[in-house]
Structures are given as structure tokens and as C-alpha cells.
file coords.txt (compact mmCIF, C-alpha atoms)
# COMPACT_ATOMS: atom_id res chain seq x y z
CA MET A 17 -1.93 -43.48 5.71
CA CYS A 18 -2.20 -43.44 9.50
CA ARG A 19 -5.40 -43.41 11.57
CA TRP A 20 -5.94 -41.42 14.76
CA ILE A 21 -8.43 -40.14 17.32
CA ALA A 22 -8.35 -37.09 19.60
CA TYR A 23 -10.72 -36.47 22.51
CA ARG A 24 -11.43 -33.47 24.73
CA GLY A 25 -14.18 -33.31 27.37
CA ARG A 26 -15.28 -35.08 30.53
CA THR A 27 -12.67 -37.38 32.06
CA ILE A 28 -13.25 -40.86 30.64
CA PRO A 29 -11.24 -44.09 30.17
CA LEU A 30 -9.26 -44.23 26.94
CA GLU A 31 -10.90 -47.56 26.07
CA HIS A 32 -14.13 -45.70 25.34
CA TYR A 33 -12.75 -44.77 21.91
CA VAL A 34 -9.47 -46.64 21.45
CA THR A 35 -10.53 -50.26 21.97
CA GLU A 36 -14.29 -50.61 22.64
CA PRO A 37 -16.19 -49.35 19.53
CA ALA A 38 -17.04 -51.71 16.68
CA HIS A 39 -14.64 -49.82 14.41
CA SER A 40 -12.26 -48.71 17.15
CA LEU A 41 -8.78 -47.45 16.47
CA VAL A 42 -7.42 -50.94 17.12
CA SER A 43 -9.88 -52.29 14.53
CA GLN A 44 -8.72 -49.60 12.10
CA SER A 45 -5.13 -50.75 12.58
CA ILE A 46 -6.20 -54.06 11.00
CA LYS A 47 -8.71 -52.76 8.45
CA ALA A 48 -9.14 -49.05 7.82
CA LEU A 49 -12.02 -48.18 5.50
CA GLU A 50 -11.14 -44.64 4.37
CA SER A 51 -7.41 -44.87 3.88
CA THR A 52 -5.02 -45.66 1.05
CA ALA A 53 -3.41 -48.14 3.47
CA SER A 54 -6.00 -50.52 4.91
CA THR A 55 -3.49 -51.88 7.43
CA ASN A 56 -1.79 -49.56 9.93
CA GLY A 57 0.63 -51.87 11.67
CA ASP A 58 3.86 -49.86 11.86
CA GLY A 59 3.54 -48.95 15.52
CA PHE A 60 1.07 -47.09 17.70
CA GLY A 61 0.98 -44.52 20.46
CA LEU A 62 -1.10 -42.93 23.18
CA GLY A 63 -0.80 -39.43 24.63
CA TRP A 64 -2.84 -38.09 27.53
CA TYR A 65 -3.03 -35.32 30.11
CA GLY A 66 -3.45 -35.92 33.83
CA ASP A 67 -2.04 -34.23 36.92
CA HIS A 68 1.05 -32.76 35.26
CA PRO A 69 1.45 -29.93 32.72
CA GLU A 70 3.29 -32.18 30.29
CA PRO A 71 1.46 -35.10 28.66
CA GLY A 72 2.04 -38.75 29.37
CA ARG A 73 2.94 -41.01 26.46
CA PHE A 74 3.14 -44.68 25.59
CA ARG A 75 4.52 -45.70 22.18
CA GLU A 76 5.39 -49.06 20.67
CA VAL A 77 6.69 -50.31 17.32
CA GLN A 78 4.57 -53.44 17.11
CA PRO A 79 1.04 -53.39 15.66
CA ALA A 80 -1.73 -52.19 17.96
CA TRP A 81 -3.72 -55.37 17.39
CA SER A 82 -0.92 -57.57 18.75
CA ASP A 83 -0.13 -55.71 21.98
CA GLU A 84 -2.23 -57.13 24.82
CA ASN A 85 -0.95 -54.38 27.15
CA LEU A 86 -2.79 -51.76 25.10
CA ARG A 87 -6.23 -52.93 26.20
CA TYR A 88 -5.22 -52.95 29.87
CA ILE A 89 -3.66 -49.50 29.64
CA CYS A 90 -6.70 -48.02 27.89
CA ARG A 91 -9.04 -49.57 30.45
CA HIS A 92 -7.24 -48.08 33.43
CA LEU A 93 -6.06 -44.72 32.06
CA HIS A 94 -8.58 -41.86 32.40
CA SER A 95 -8.14 -38.41 30.88
CA HIS A 96 -10.03 -35.29 29.81
CA LEU A 97 -7.80 -34.90 26.74
CA PHE A 98 -6.07 -37.73 24.95
CA PHE A 99 -4.66 -38.82 21.58
CA ALA A 100 -4.28 -42.27 20.04
CA HIS A 101 -2.54 -43.10 16.76
CA VAL A 102 -1.81 -46.16 14.61
CA ARG A 103 0.92 -45.76 12.04
CA ALA A 104 1.38 -46.69 8.40
CA ALA A 105 4.97 -45.65 7.66
CA THR A 106 5.69 -43.70 4.47
CA GLY A 107 9.40 -44.19 4.00
CA THR A 108 10.89 -43.53 7.44
CA PRO A 109 12.01 -46.34 9.79
CA ILE A 110 9.68 -48.16 12.16
CA THR A 111 11.20 -47.03 15.45
CA ARG A 112 9.75 -45.80 18.72
CA PRO A 113 10.96 -42.18 18.18
CA ASN A 114 9.04 -42.18 14.88
CA CYS A 115 5.77 -43.30 16.47
CA HIS A 116 3.12 -40.69 17.22
CA PRO A 117 2.12 -38.72 19.19
CA PHE A 118 5.04 -36.35 19.63
CA ALA A 119 5.48 -34.14 22.67
CA CYS A 120 7.45 -31.01 23.56
CA GLY A 121 6.79 -29.14 26.79
CA PRO A 122 3.02 -29.01 27.33
CA TRP A 123 2.28 -29.66 23.64
CA LEU A 124 1.12 -32.90 22.08
CA PHE A 125 0.87 -33.54 18.33
CA MET A 126 0.00 -36.32 15.88
CA HIS A 127 -0.28 -36.35 12.12
CA ASN A 128 -1.73 -38.25 9.21
CA GLY A 129 -0.28 -37.00 5.97
CA TYR A 130 2.64 -36.76 3.62
CA VAL A 131 5.31 -34.37 2.41
CA GLY A 132 6.22 -35.16 -1.20
CA ASP A 133 9.93 -35.52 -2.02
CA TRP A 134 10.74 -35.68 1.71
CA ALA A 135 14.31 -36.90 1.11
CA ARG A 136 15.10 -33.64 -0.70
CA LEU A 137 12.94 -31.35 1.43
CA ARG A 138 13.90 -32.70 4.83
CA ARG A 139 16.78 -30.28 5.29
CA PRO A 140 14.90 -27.05 4.36
CA ILE A 141 11.89 -28.08 6.44
CA GLU A 142 14.06 -28.89 9.43
CA ALA A 143 15.58 -25.43 8.99
CA LEU A 144 12.19 -24.06 10.07
CA ILE A 145 12.83 -25.51 13.54
CA PRO A 146 14.46 -22.94 15.88
CA ASP A 147 17.80 -23.88 17.38
CA GLU A 148 16.26 -23.92 20.86
CA LEU A 149 13.77 -26.61 19.82
CA TYR A 150 15.98 -28.75 17.60
CA PRO A 151 17.25 -30.93 20.53
CA SER A 152 13.65 -32.17 20.78
CA ARG A 153 14.01 -33.69 17.29
CA ASN A 154 14.38 -37.37 18.26
CA GLY A 155 13.09 -39.14 15.14
CA THR A 156 13.31 -38.83 11.37
CA THR A 157 9.68 -38.32 10.29
CA ASP A 158 8.25 -35.36 8.43
CA SER A 159 5.50 -35.32 11.09
CA GLU A 160 7.84 -34.52 13.98
CA ALA A 161 9.62 -31.88 11.90
CA LEU A 162 6.28 -30.21 11.12
CA PHE A 163 5.36 -30.26 14.81
CA LEU A 164 8.55 -28.53 15.91
CA ALA A 165 8.28 -26.05 13.04
CA ILE A 166 4.78 -25.13 14.26
CA LEU A 167 6.03 -24.65 17.82
CA GLY A 168 8.73 -22.40 16.43
CA GLN A 169 6.17 -20.07 14.84
CA GLY A 170 5.30 -18.50 18.17
CA LEU A 171 4.20 -21.25 20.56
CA MET A 172 7.62 -21.87 22.11
CA ALA A 173 11.13 -20.43 21.80
CA SER A 174 9.98 -17.27 20.05
CA GLU A 175 9.91 -13.61 20.90
CA VAL A 176 6.62 -13.28 18.99
CA LYS A 177 3.80 -15.17 20.70
CA ARG A 178 0.98 -16.42 18.49
CA ASP A 179 -2.13 -18.51 19.00
CA PRO A 180 -1.93 -22.18 17.90
CA ILE A 181 -4.03 -21.73 14.74
CA THR A 182 -2.03 -18.77 13.45
CA ALA A 183 1.25 -20.53 14.24
CA THR A 184 0.11 -23.65 12.39
CA ALA A 185 -1.16 -21.65 9.40
CA LEU A 186 2.18 -19.86 9.11
CA ALA A 187 4.10 -23.15 9.22
CA LEU A 188 1.80 -24.73 6.65
CA ALA A 189 2.26 -21.75 4.33
CA LYS A 190 6.05 -22.04 4.53
CA VAL A 191 5.99 -25.78 3.88
CA THR A 192 3.57 -25.26 0.99
CA GLU A 193 6.08 -22.88 -0.52
CA LEU A 194 8.90 -25.40 -0.04
CA VAL A 195 6.98 -28.19 -1.81
CA GLY A 196 6.59 -25.89 -4.81
CA GLY A 197 3.45 -23.90 -4.09
CA ILE A 198 -0.10 -24.75 -5.06
CA GLU A 199 0.23 -25.02 -8.82
CA GLY A 200 2.38 -27.97 -9.87
CA GLY A 201 4.18 -28.54 -6.57
CA HIS A 202 4.70 -31.82 -4.72
CA PRO A 203 1.80 -33.29 -2.71
CA PHE A 204 1.49 -32.06 0.86
CA ARG A 205 -1.19 -33.53 3.12
CA PHE A 206 -1.70 -32.38 6.70
CA THR A 207 -4.47 -33.86 8.84
CA ALA A 208 -3.27 -33.36 12.40
CA ALA A 209 -4.18 -32.73 16.03
CA LEU A 210 -2.46 -30.32 18.43
CA ALA A 211 -3.16 -29.83 22.13
CA ASP A 212 -1.73 -28.10 25.19
CA GLY A 213 -3.59 -29.92 27.98
CA ARG A 214 -6.45 -27.43 27.99
CA ASP A 215 -7.56 -27.00 24.37
CA LEU A 216 -7.62 -29.21 21.27
CA TYR A 217 -7.11 -28.15 17.66
CA ALA A 218 -7.53 -30.49 14.68
CA PHE A 219 -6.50 -29.42 11.16
CA ARG A 220 -7.43 -30.70 7.70
CA TYR A 221 -5.34 -29.27 4.87
CA ALA A 222 -3.69 -30.35 1.63
CA ALA A 223 -1.82 -28.81 -1.30
CA ASN A 224 -1.58 -30.47 -4.71
CA ASP A 225 -3.55 -33.45 -3.41
CA ALA A 226 -6.81 -34.43 -1.70
CA ALA A 227 -6.82 -33.96 2.06
CA ASN A 228 -7.06 -37.06 4.23
CA SER A 229 -10.45 -37.75 5.81
CA MET A 230 -11.42 -36.28 9.18
CA TYR A 231 -14.70 -36.28 11.16
CA TYR A 232 -15.89 -35.12 14.55
CA ARG A 233 -18.79 -35.84 16.88
CA GLN A 234 -19.91 -33.81 19.85
CA SER A 235 -21.89 -35.15 22.79
CA ALA A 236 -22.64 -34.26 26.39
CA ASP A 237 -19.31 -35.83 27.32
CA GLY A 238 -17.18 -33.81 24.91
CA VAL A 239 -15.89 -33.95 21.35
CA VAL A 240 -14.00 -36.70 19.56
CA VAL A 241 -12.16 -36.07 16.28
CA VAL A 242 -11.29 -39.09 14.15
CA SER A 243 -9.73 -40.10 10.86
CA GLU A 244 -12.83 -42.17 10.15
CA PRO A 245 -16.05 -42.98 12.08
CA LEU A 246 -15.78 -45.44 14.95
CA ASP A 247 -19.15 -47.08 14.23
CA LYS A 248 -21.76 -47.55 11.51
CA GLU A 249 -23.77 -44.49 12.61
CA HIS A 250 -22.21 -42.28 9.94
CA ALA A 251 -25.03 -39.75 10.15
CA THR A 252 -23.88 -38.84 13.67
CA TRP A 253 -20.40 -37.90 12.43
CA THR A 254 -19.72 -34.52 10.83
CA PRO A 255 -17.12 -34.44 8.02
CA VAL A 256 -14.59 -31.65 8.52
CA PRO A 257 -14.30 -29.40 5.44
CA ASP A 258 -11.00 -29.17 3.63
CA ASN A 259 -8.76 -26.27 4.69
CA SER A 260 -10.41 -26.06 8.14
CA VAL A 261 -9.65 -26.40 11.83
CA VAL A 262 -11.81 -27.93 14.57
CA ILE A 263 -11.45 -25.93 17.79
CA ALA A 264 -12.40 -27.60 21.09
CA ARG A 265 -11.57 -25.21 23.91
CA LYS A 266 -12.28 -25.76 27.58
CA ASP A 267 -15.79 -24.64 28.60
CA ALA A 268 -16.68 -23.58 25.04
CA LEU A 269 -18.73 -24.97 22.19
CA VAL A 270 -16.86 -26.69 19.38
CA GLU A 271 -16.10 -24.48 16.38
CA VAL A 272 -15.08 -25.34 12.84
CA VAL A 273 -13.27 -22.42 11.23
CA SER A 274 -11.84 -22.02 7.74
CA LEU A 275 -8.08 -21.56 7.67
CA LYS A 276 -8.70 -18.76 5.17
CA GLU A 277 -9.60 -16.64 8.20
CA PHE A 278 -5.99 -17.06 9.28
CA GLY A 279 -4.55 -16.17 5.89
CA LEU A 280 -4.10 -19.74 4.63
CA ALA A 281 -5.89 -19.65 1.28
CA ARG A 282 -5.03 -22.29 -1.29
CA THR A 283 -4.27 -20.04 -4.25
CA SER A 284 -1.21 -19.38 -6.37
CA ARG A 285 -0.65 -16.22 -4.31
CA LEU A 286 -0.24 -18.22 -1.08
CA PRO A 287 3.56 -18.12 -0.71
CA GLN A 288 3.82 -14.37 -1.32
CA LEU A 289 0.88 -13.67 0.98
CA GLN A 290 2.26 -15.74 3.83
CA LEU A 291 5.78 -14.37 3.57
CA GLN A 292 4.31 -10.90 4.00
CA MET A 293 2.35 -12.04 7.05
CA SER A 294 5.35 -13.63 8.74
CA ALA A 295 7.75 -10.78 8.06

call {"tool": "encode", "arguments": {"input": "coords.txt", "output": "C-alpha cells"}}
result
Amino acid sequence: MCRWIAYRGRTIPLEHYVTEPAHSLVSQSIKALESTASTNGDGFGLGWYGDHPEPGRFREVQPAWSDENLRYICRHLHSHLFFAHVRAATGTPITRPNCHPFACGPWLFMHNGYVGDWARLRRPIEALIPDELYPSRNGTTDSEALFLAILGQGLMASEVKRDPITATALALAKVTELVGGIEGGHPFRFTAALADGRDLYAFRYAANDAANSMYYRQSADGVVVVSEPLDKEHATWTPVPDNSVVIARKDALVEVVSLKEFGLARTSRLPQLQLQMSA
């Protein structure tokens, strides 16, 4: 499984979390401690917001630990909201378009997870992407397809405008139905971050499987959300409950909210409930 970090707060250099800590993201690319894949060497990526509405991105197919440019970039890039991701591929090619994070308009997204039976479900899941957004489909991963499906639930190219959490919950409900529902369906894991340059949302969800790990830590500088702690001070990191979203909005305290409040309850009635909501 992949490893990632997302930060929102005071403008800081990316190296503060990507390369400097004892168990930094680069260190996790060599030896992750809370992942089924201890090595995450199938590419890496950075995404950040600066002076433009759309995010900047840098993605490469080589391992993060072997790219000397990464340390220089992280030292000199400063941002109030940034993502970093190291990839462990789960069946799709190791190419730059398949490296995270993904971007579309002002939105930035990265994912650690899995859609069971992806070869069979790729077509119906891609059908959730509106025609207006499908040209943004540059790679072949389930992650990018999920991202564009979320945008299509009311964030972009839709007559019905929804907030990011509701849009994500609706997309997750539809994908949960496609994998076969909660009882006896294929595994579906979704631990992901979504941002628009102002606010950050981080989700932890799974159906028919255990959700991938996710933690957050808040300080005077801001909040950082991670796949696993960046240091040995585990007591300073708060585990994110399953079926929850971490909300880090500008000029607001961090919230952790159950996705049940947005209609995403992991029960056998989920598909019917969500189809009624999205009608």
C-alpha cells in the first residue's frame, strides 16, 4: 500500500515533513511500518498550492529515496497546503500519469487503497465520471477514476453543487454498491486526501476489509495528516477512526466527523440508502 502526508496551515517548506523527520515520507518509501508493503518504490509525487488557483505538481516514476532532486525541491518549495505521496503499485503500470497526486482544476487528490476486481469493475466505475471530466483521465489507476467520480458528484461539471464531504460520500456509496455491497462484496479501501487550495479533507473508509491506517497531529503551525507517524512520539498522533473524515478548513479548528453524518453508514442497507439520496 502507498504512504502519504497532507498538510494545511502556516506556510512552511515541504522538507519539514517530506524529508526531515526520522520517519519521513522518504524513509517510509524504503521501510513503512504500518503497511502491507514495506517498500513504496513505484514512483512518488508532490502537490502544492502557491500563487495560482490550480496546484503545482511534481511526479516521478523512480523511487523517492533515489531522486536527489526531491530533497532540493522540498527545501526550496514553501506552501500553506501540500501533499506528498510514495507509491506501491497494485496492478497498474508504473508511469508518471499513474503517480499521485492527481489534479483537476483547483482540486488535488491522493489515495492509499484498493478496489477489488479492478479489471472487471474499471468500466462501470469510470462510467461514474461525467463526460465533461473524462478528458482529465490521463492514467489507468483506480485512484484517478475515484477522484474524477468524486468531482462529478457536484464539485465540478454538475448542475447540482455539493460540499466535498457529501460528494465523496455519494461516490463511495456508489462504488461500494459496484464492488458488491457490504456483505460478501469485494474489498474496497479508501484512505485519501482532497483539497481545493483553501481547505483539506482526509477520509478513512473501507468495505469488506480493514481500512488503511491514518493519523493526524495539530500544532500552532497547522495540521498534518499521515498514513503513519513521522517520528517515535506516537502519543502525539491521533488515530483517525474508521468511516471518518478529518476536516481542516482555513481559520477553523480541525474536526473529525463520522461519515455516517453524511449518510455513509456501513450496513447492508447502504446501496439502497445512497441511491435514494442521490436521486

call {"tool": "residues_around", "arguments": {"input": "coords.txt", "residues": "Leu269 (chain A)", "least_positions_apart": "2", "cutoff": "12 Å", "atoms": "only C-alpha atoms", "output": "PyMOL selection string"}}
result
chain A and resi 24-25+215-216+234-236+238-239+262-267+271-272

call {"tool": "closest_residue", "arguments": {"input": "coords.txt", "among": "A:Cys120, A:Cys115, A:Met17, A:Leu171", "to": "Phe206 (chain A)", "atoms": "only C-alpha atoms"}}
result
A:Met17

call {"tool": "closest_residue", "arguments": {"input": "coords.txt", "among": "A:Leu62, A:Ala208, A:Leu93, A:Leu194", "to": "Ala227 (chain A)", "atoms": "all atoms listed in the file"}}
result
A:Ala208

call {"tool": "residues_around", "arguments": {"input": "coords.txt", "residues": "Arg73 (chain A)", "least_positions_apart": "5", "cutoff": "10 Å", "atoms": "all atoms listed in the file", "output": "mmCIF file with C-alpha atoms, in the coordinates of the input"}}
result
data_model
loop_
_atom_site.group_PDB
_atom_site.id
_atom_site.type_symbol
_atom_site.label_atom_id
_atom_site.label_comp_id
_atom_site.auth_asym_id
_atom_site.auth_seq_id
_atom_site.Cartn_x
_atom_site.Cartn_y
_atom_site.Cartn_z
ATOM 1 C CA GLY A 61 0.980 -44.520 20.460
ATOM 2 C CA LEU A 62 -1.100 -42.930 23.180
ATOM 3 C CA GLY A 63 -0.800 -39.430 24.630
ATOM 4 C CA TRP A 64 -2.840 -38.090 27.530
ATOM 5 C CA TYR A 65 -3.030 -35.320 30.110
ATOM 6 C CA PHE A 98 -6.070 -37.730 24.950
ATOM 7 C CA PHE A 99 -4.660 -38.820 21.580
ATOM 8 C CA ALA A 100 -4.280 -42.270 20.040
ATOM 9 C CA HIS A 116 3.120 -40.690 17.220
ATOM 10 C CA PRO A 117 2.120 -38.720 19.190
ATOM 11 C CA PHE A 118 5.040 -36.350 19.630
ATOM 12 C CA ALA A 119 5.480 -34.140 22.670
ATOM 13 C CA LEU A 124 1.120 -32.900 22.080
#

call {"tool": "atom_distance", "arguments": {"input": "coords.txt", "atom1": "CA of Asp133 (chain A)", "atom2": "CA of His202 (chain A)"}}
result
7.0 Å

call {"tool": "closest_residue", "arguments": {"input": "coords.txt", "among": "A:Asp225, A:Glu277, A:Glu84, A:Asp247", "to": "Thr192 (chain A)", "atoms": "all atoms listed in the file"}}
result
A:Asp225

call {"tool": "atom_distance", "arguments": {"input": "coords.txt", "atom1": "CA of Leu167 (chain A)", "atom2": "CA of Ala80 (chain A)"}}
result
28.6 Å
